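Below is one structure, written out as structure tokens; comments come after it.
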Amino acid sequence: MRIGQDKDGPQTIIGKTVTVKGEILGTEQLVVEGTVEGRIMIETTVLIRESGLVKADVDANVINVAGGVVGNISVKDKIEIVSGGYVLGDIRTPRLIINDGASVKGTIDMEVKSPRNDSTTPFKSGEDSDFTSPS
């Protein structure tokens, strides 16, 4: 594990040959090039590189996945899964980007803003949402 700094501030790097088992908690950016098993709770950004494998539930502000995640993800801002990246688990996020060549197997839960007001409540089944389906 290396601790360094990039343009966004301090970061911790889990190297390609490193496996971490347990909980990782922190406020600085986490870069995963190796393997993490357990749970990740980071207040900023988690970057999972092409060589990275996360077998854990992940909570963060922003996540970028170029490697693999096997576990549930909860994000406050956005998650991006780039080409070659994959997620096997449920995703909860307000913003999601899935690039061509990326894959997801699981449920996706996104906050939907109602066109009637600024609340972030999803439509209920049978509720008039001003959406008309093609007949």
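As shown in the structure tokens, the chain order sets the letters A, B, ...; within each chain, residues go from 1, and ligands are also counted from 1 in the order they appear.
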Exercise. Leaving out Gly15 in chain A and any residue of its chain fewer than 4 positions from it, which residues lie within 12 Å of it when counting only C-alpha atoms, given as a list in words?
Worked result: Met1, Arg2, Ile3, Thr19, Val20, Leu30, Val31, Val32, Glu33, Gly34, Thr35, Val36, Ile48, Arg49, Glu50, Ser51, Gly52 and Leu53 of chain A
Exercise. Skipping near chain neighbours, those fewer than 5 positions away, what residues fall within 12 Å of range 104-113 of chain A using only C-alpha atoms, listed as JSON, numbers by chain?
Worked result: {"A": [65, 68, 69, 70, 71, 72, 73, 74, 75, 76, 77, 78, 79, 80, 81, 82, 83, 84, 85, 86, 87, 88, 89, 90, 91, 92, 93, 94, 95, 96, 97, 98, 99, 118, 119, 120, 121, 122, 123, 124, 129]}
Deliver the residues from the most recent selection as a file, using C-alpha atoms, as a PDB file, in the first residue's frame.
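The resulting selection_11.pdb:
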ATOM      1  CA  VAL A  65     -14.681   1.259 -12.115  1.00  0.00           C
ATOM      2  CA  GLY A  68     -14.216  -5.415 -11.129  1.00  0.00           C
ATOM      3  CA  VAL A  69     -16.568  -5.062  -8.179  1.00  0.00           C
ATOM      4  CA  VAL A  70     -18.374  -7.992  -6.588  1.00  0.00           C
ATOM      5  CA  GLY A  71     -20.606  -6.388  -3.977  1.00  0.00           C
ATOM      6  CA  ASN A  72     -23.138  -3.627  -3.490  1.00  0.00           C
ATOM      7  CA  ILE A  73     -22.291  -0.001  -4.241  1.00  0.00           C
ATOM      8  CA  SER A  74     -23.783   3.136  -2.675  1.00  0.00           C
ATOM      9  CA  VAL A  75     -22.660   6.472  -4.120  1.00  0.00           C
ATOM     10  CA  LYS A  76     -23.582  10.016  -3.084  1.00  0.00           C
ATOM     11  CA  ASP A  77     -22.656  11.732  -6.383  1.00  0.00           C
ATOM     12  CA  LYS A  78     -21.901   9.445  -9.359  1.00  0.00           C
ATOM     13  CA  ILE A  79     -20.465   6.148 -10.519  1.00  0.00           C
ATOM     14  CA  GLU A  80     -18.820   5.546 -13.873  1.00  0.00           C
ATOM     15  CA  ILE A  81     -18.120   2.060 -15.191  1.00  0.00           C
ATOM     16  CA  VAL A  82     -15.675   2.280 -18.067  1.00  0.00           C
ATOM     17  CA  SER A  83     -15.046  -0.174 -20.914  1.00  0.00           C
ATOM     18  CA  GLY A  84     -13.784  -3.458 -19.466  1.00  0.00           C
ATOM     19  CA  GLY A  85     -15.118  -2.655 -15.991  1.00  0.00           C
ATOM     20  CA  TYR A  86     -17.850  -4.711 -14.371  1.00  0.00           C
ATOM     21  CA  VAL A  87     -20.106  -4.722 -11.315  1.00  0.00           C
ATOM     22  CA  LEU A  88     -21.804  -7.830  -9.915  1.00  0.00           C
ATOM     23  CA  GLY A  89     -24.104  -6.342  -7.299  1.00  0.00           C
ATOM     24  CA  ASP A  90     -26.677  -3.666  -6.647  1.00  0.00           C
ATOM     25  CA  ILE A  91     -25.954   0.015  -7.327  1.00  0.00           C
ATOM     26  CA  ARG A  92     -27.584   2.965  -5.545  1.00  0.00           C
ATOM     27  CA  THR A  93     -26.641   6.361  -6.998  1.00  0.00           C
ATOM     28  CA  PRO A  94     -28.160   9.612  -8.255  1.00  0.00           C
ATOM     29  CA  ARG A  95     -25.956   9.539 -11.408  1.00  0.00           C
ATOM     30  CA  LEU A  96     -24.712   6.530 -13.388  1.00  0.00           C
ATOM     31  CA  ILE A  97     -22.501   6.291 -16.468  1.00  0.00           C
ATOM     32  CA  ILE A  98     -22.016   2.896 -18.117  1.00  0.00           C
ATOM     33  CA  ASN A  99     -19.614   3.089 -21.043  1.00  0.00           C
ATOM     34  CA  ASP A 118     -38.542  19.299  -6.857  1.00  0.00           C
ATOM     35  CA  SER A 119     -38.908  16.349  -4.491  1.00  0.00           C
ATOM     36  CA  THR A 120     -36.747  13.299  -5.072  1.00  0.00           C
ATOM     37  CA  THR A 121     -39.491  10.728  -4.694  1.00  0.00           C
ATOM     38  CA  PRO A 122     -39.900   8.053  -7.335  1.00  0.00           C
ATOM     39  CA  PHE A 123     -43.274   7.507  -9.009  1.00  0.00           C
ATOM     40  CA  LYS A 124     -45.455   4.872  -7.430  1.00  0.00           C
ATOM     41  CA  SER A 129     -46.640  10.573 -14.161  1.00  0.00           C
TER      42      SER A 129
END
For this session: Take CA of Val54 in chain A and CA of Gly67 in chain A and report the distance between them in Å, one decimal.
Result: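 Those two atoms sit 8.3 Å apart.
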Just want the 12 Å neighbourhood of Gly26 in chain A, counted on only C-alpha atoms, with same-chain residues fewer than 2 positions away dropped. Output as an mmCIF file with C-alpha atoms, in the first residue's frame.
data_model
loop_
_atom_site.group_PDB
_atom_site.id
_atom_site.type_symbol
_atom_site.label_atom_id
_atom_site.label_comp_id
_atom_site.auth_asym_id
_atom_site.auth_seq_id
_atom_site.Cartn_x
_atom_site.Cartn_y
_atom_site.Cartn_z
ATOM 1 C CA PRO A 10 -3.796 12.833 -0.775
ATOM 2 C CA GLN A 11 -4.510 9.317 -1.946
ATOM 3 C CA THR A 12 -3.917 5.747 -0.858
ATOM 4 C CA GLU A 23 -12.672 -2.533 6.394
ATOM 5 C CA ILE A 24 -11.117 0.483 4.722
ATOM 6 C CA GLU A 28 -8.837 10.638 1.063
ATOM 7 C CA GLN A 29 -9.006 9.182 -2.439
ATOM 8 C CA LEU A 30 -8.520 5.399 -2.657
ATOM 9 C CA ARG A 39 -15.973 -3.201 3.081
ATOM 10 C CA ILE A 40 -14.867 0.192 1.732
ATOM 11 C CA MET A 41 -16.220 3.470 3.150
ATOM 12 C CA ILE A 42 -14.496 6.510 1.637
ATOM 13 C CA GLU A 43 -15.836 10.073 1.870
ATOM 14 C CA THR A 44 -14.305 11.093 -1.468
ATOM 15 C CA THR A 45 -13.381 9.056 -4.572
ATOM 16 C CA VAL A 46 -12.653 5.366 -5.135
ATOM 17 C CA ASP A 59 -19.757 3.478 -0.011
ATOM 18 C CA ALA A 60 -18.201 6.622 -1.512
ATOM 19 C CA ASN A 61 -18.930 10.022 -2.997
#
Problem set entry | Residues of range 70-114 of chain A in strand (DSSP E or B), written as a list of chain:residue names | A:Val70, A:Ile73, A:Ser74, A:Val75, A:Lys76, A:Asp77, A:Lys78, A:Ile79, A:Glu80, A:Ile81, A:Tyr86, A:Val87, A:Leu88, A:Ile91, A:Arg92, A:Arg95, A:Leu96, A:Ile97, A:Ile98, A:Ser103, A:Val104, A:Lys105, A:Ile108, A:Asp109
Can you write just those residues out, C-alpha atoms, as a PDB file, in the first residue's frame?
ATOM      1  CA  VAL A  70     -18.374  -7.992  -6.588  1.00  0.00           C
ATOM      2  CA  ILE A  73     -22.291  -0.001  -4.241  1.00  0.00           C
ATOM      3  CA  SER A  74     -23.783   3.136  -2.675  1.00  0.00           C
ATOM      4  CA  VAL A  75     -22.660   6.472  -4.120  1.00  0.00           C
ATOM      5  CA  LYS A  76     -23.582  10.016  -3.084  1.00  0.00           C
ATOM      6  CA  ASP A  77     -22.656  11.732  -6.383  1.00  0.00           C
ATOM      7  CA  LYS A  78     -21.901   9.445  -9.359  1.00  0.00           C
ATOM      8  CA  ILE A  79     -20.465   6.148 -10.519  1.00  0.00           C
ATOM      9  CA  GLU A  80     -18.820   5.546 -13.873  1.00  0.00           C
ATOM     10  CA  ILE A  81     -18.120   2.060 -15.191  1.00  0.00           C
ATOM     11  CA  TYR A  86     -17.850  -4.711 -14.371  1.00  0.00           C
ATOM     12  CA  VAL A  87     -20.106  -4.722 -11.315  1.00  0.00           C
ATOM     13  CA  LEU A  88     -21.804  -7.830  -9.915  1.00  0.00           C
ATOM     14  CA  ILE A  91     -25.954   0.015  -7.327  1.00  0.00           C
ATOM     15  CA  ARG A  92     -27.584   2.965  -5.545  1.00  0.00           C
ATOM     16  CA  ARG A  95     -25.956   9.539 -11.408  1.00  0.00           C
ATOM     17  CA  LEU A  96     -24.712   6.530 -13.388  1.00  0.00           C
ATOM     18  CA  ILE A  97     -22.501   6.291 -16.468  1.00  0.00           C
ATOM     19  CA  ILE A  98     -22.016   2.896 -18.117  1.00  0.00           C
ATOM     20  CA  SER A 103     -21.184  -4.559 -17.710  1.00  0.00           C
ATOM     21  CA  VAL A 104     -23.510  -4.645 -14.706  1.00  0.00           C
ATOM     22  CA  LYS A 105     -25.425  -7.547 -13.202  1.00  0.00           C
ATOM     23  CA  ILE A 108     -29.856  -0.092 -10.141  1.00  0.00           C
ATOM     24  CA  ASP A 109     -31.640   2.324  -7.810  1.00  0.00           C
TER      25      ASP A 109
END
Seminar exercise, completed: CA of Ala102 in chain A sits from CA of Ile14 in chain A at a separation of 22.5 Å
